[in-house]
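What follows is a short report on a single structure.
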Amino acid sequence: MKLQEYQAKRIFGQFGVPVPSGDVAATPAEARALAERIGGTVVVKSQVLVGGRGKAGGIKLAKSPAEAEEVAGRILGMDIKGLTVKKVLVDPAADIRQEIYLGMVLDRARRRVVVMASSEGGVDIEEVAAKTPEKIFTLAIDPFLGLREYQARDLAISIGLPKEQFAPFARICQGLYAAYMGCDANLAEINPLAVLGDGSLKALDGKMVLDDSALFRHADLAAMRDEDDETPEEREARLNGLSYVKLDGQIGCMVNGAGLAMATMDIIQFYGGMPANFLDVGGGAQAEKVAAALRIILSDPNVKAVLFNIFGGITRCDEVARGILKALKEMDRQVPMVVRLVGTNYEEGRAILAEAKMATAETLAEAAQKAVVAAAAANAAAAATTAAQGA
């Protein structure tokens, strides 16, 4: 789950990281009021979960409250990479002398949180890594000891900060690490961490990505979710406890278990097809959950066939079969479907499907081949219909 800039900076501030004193506005009038409160020049920043806001015209300076109102009026409602700007952040303008990058990320290979710092802030860290990787310094943090002050000071030396900034930089590093750990984040990033004209350090931008699997511990953070960052299918999957990722193929997949789902997608490709999604209904899937999963799959107009691969352990195959038939009764759209049921109550499940005259398969290989053939036939029929209409 991604947080907006203003949300991330509020969290950073709670953990002792110095952040600007601005706030968000949803109307031009609110932006004017904030600019009046702040005084002086302000920066008006669109709040959308994409990069490149400045290049798209979503970040502007305003020298007066009236100008802040006018600028906010232009930015609010703007479309930036497919997302509509609904809020702007109004921050005091900063006297920036240097821009630093500072971030925490989970390194799965090392099984450690890694802190990254660079003197080349203000641009994407991926760009720095590609062009000047020697300017990125990393440190793996011991999970039992946490980030020690001396380690943060070493990073300050590495990126060329003067001695008088070692202590404030170390405090910011430790505050960012505390925010990362306290919120169960996958990423916490300040870019830029600015060195201001008076020598102080301030986080002028913030980014956080939270671990969805840990949100049950953070109801306050879960409430911050921006639903514009999700497709309708992803939202329905989340609300129904499903793991769903849309792909570019034409064969919808419903599987119980992430590993089995990956294997199912692989074997579809092996036989010449392309999966349209990753969808794991999980263990113990009831009929309602299966029906929701099928609705999500069939909402994709690219899907020309659906393959069900259910290994019944905790999940009961008869419940899956009932869920499939329930969903089909609720939907107008019909596509070829192939079902492979193995495990708990598989005989009952197959009997339910046989009565409904649905295609079944004994093995995954057989099911994948049938699904690929069905999708190809559906494509051919659609092409023939289009050709006939054109004639």
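Order determines the names: the first chain of the structure tokens is A, the second B, and so forth; residues in each chain are numbered 1 upward, and ligands are numbered 1 upward as they are shown.
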Distance query A:Ala261 at most 7 Å, only C-alpha atoms, self and fewer than 6 positions along chain excluded, as a list in words: Val255, Phe278 and Asp280 of chain A
Please produce a file of the residues just selected, as an mmCIF file, in the first residue's frame, where the atoms kept are N, CA and C atoms.
```cif
data_model
loop_
_atom_site.group_PDB
_atom_site.id
_atom_site.type_symbol
_atom_site.label_atom_id
_atom_site.label_comp_id
_atom_site.auth_asym_id
_atom_site.auth_seq_id
_atom_site.Cartn_x
_atom_site.Cartn_y
_atom_site.Cartn_z
ATOM 1 N N VAL A 255 -6.739 -20.330 -8.925
ATOM 2 C CA VAL A 255 -5.958 -21.397 -8.302
ATOM 3 C C VAL A 255 -5.931 -21.161 -6.802
ATOM 4 N N PHE A 278 -2.859 -13.506 -12.314
ATOM 5 C CA PHE A 278 -2.513 -14.347 -11.159
ATOM 6 C C PHE A 278 -3.652 -14.168 -10.170
ATOM 7 N N ASP A 280 -4.988 -16.104 -6.571
ATOM 8 C CA ASP A 280 -4.911 -17.136 -5.534
ATOM 9 C C ASP A 280 -6.103 -16.954 -4.597
#
```
Figure out the distance between atom CA of A:Ser213 and atom CA of A:Leu49, please, to one decimal in Å. 20.2 Å
Near A:Pro92, counting only C-alpha atoms, which residues have an atom at most 7 Å away, once you skip same-chain residues fewer than 2 positions from it, shown as a JSON list (two decimals) with C-alpha atoms, in the first residue's frame?
```json
[["chain", "number", "residue", "atom", "x", "y", "z"],
["A", 20, "PRO", "CA", 7.87, 21.38, 6.39],
["A", 22, "GLY", "CA", 2.47, 22.75, 5.36],
["A", 38, "ILE", "CA", 2.36, 30.06, 6.17],
["A", 41, "THR", "CA", 6.44, 32.02, -1.00],
["A", 42, "VAL", "CA", 4.87, 28.56, -0.95],
["A", 43, "VAL", "CA", 5.08, 25.49, -3.15],
["A", 90, "VAL", "CA", 0.93, 23.61, 0.34],
["A", 94, "ALA", "CA", 12.75, 26.24, 1.03]]
```
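If only C-alpha atoms are the atoms counted, then among A:Val209, A:Ala292, A:Phe311, A:Ile267 the closest residue to A:Leu187 is A:Val209.
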Using only C-alpha atoms: which of A:Ala152, A:Ala214, A:Leu3, A:Ile11 has the shortest distance to A:Asp226: A:Leu3
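Using only C-alpha atoms, the residues found no farther than 12 Å from A:Lys63, other than those of its own chain fewer than 2 positions away, are Arg32, Ala35, Glu36, Ile38, Gly39, Gly40, Thr41, Val42, Val43, Val44, Lys60, Leu61, Pro65, Ala66, Glu67, Ala68, Glu69, Glu70, Val71, Val90, Asp91, Pro92 and Ala93 of chain A.
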Quick one: residues within 7 Å of A:Leu139, only C-alpha atoms counted, chain neighbours fewer than 3 positions away excluded, as JSON, numbers by chain? {"A": [114, 115, 116]}
For those residues, write C-alpha atoms to a file as a tab-separated table (two decimals), in the first residue's frame.
```tsv
chain	number	residue	atom	x	y	z
A	114	VAL	CA	19.13	-1.59	3.93
A	115	VAL	CA	19.68	2.13	4.28
A	116	MET	CA	20.76	3.91	1.10
```
Using the chain letters and numbers from this document, which residues of stretch 4-173 of chain A does DSSP assign to helix (DSSP H, G or I), as a ChimeraX atom specification? /A:5-14,28-38,65-75,125-131,133-135,149-158,163-173
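Each of A:Gly312, A:Gly206, A:Gly82, A:Pro18 was compared to A:Lys2 using only C-alpha atoms, and A:Gly206 turns out to be the nearest.
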Can you tell me, as a PDB file with C-alpha atoms, in the first residue's frame, what residues are no more than 8 Å from A:Lys9 when counting only C-alpha atoms, ignoring any on the same chain fewer than 6 positions away?
```pdb
ATOM      1  CA  VAL A  19       9.478  18.187   7.768  1.00  0.00           C
ATOM      2  CA  ALA A 203      12.724  16.270   4.425  1.00  0.00           C
ATOM      3  CA  ASP A 205       9.500  15.035   0.003  1.00  0.00           C
ATOM      4  CA  GLY A 206       8.491  11.673   1.393  1.00  0.00           C
ATOM      5  CA  LYS A 207       7.456   8.279   0.140  1.00  0.00           C
TER       6      LYS A 207
END
```
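The two atoms in question, atom CA of A:Glu30 and atom CA of A:Ala219, are spaced 27.9 Å apart.
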Looking at only C-alpha atoms, which of A:Ala287, A:Leu298, A:Val50, A:Ile159 is the one that sits closest to A:Ile100? A:Ile159
For A:Ser200, work out the shell of residues within 9 Å, counting only C-alpha atoms and skipping chain neighbours fewer than 6 positions away, then give it as JSON, numbers by chain. {"A": [165, 168, 194]}
Based on the backbone DSSP call, show me all residues of stretch 174-266 of chain A assigned strand (DSSP E), as JSON, numbers by chain. {"A": [185, 186, 187, 188, 189, 190, 191, 192, 193, 194, 195, 196, 201, 202, 203, 207, 208, 209, 210, 243, 244, 245, 246, 251, 252, 253, 254, 255]}
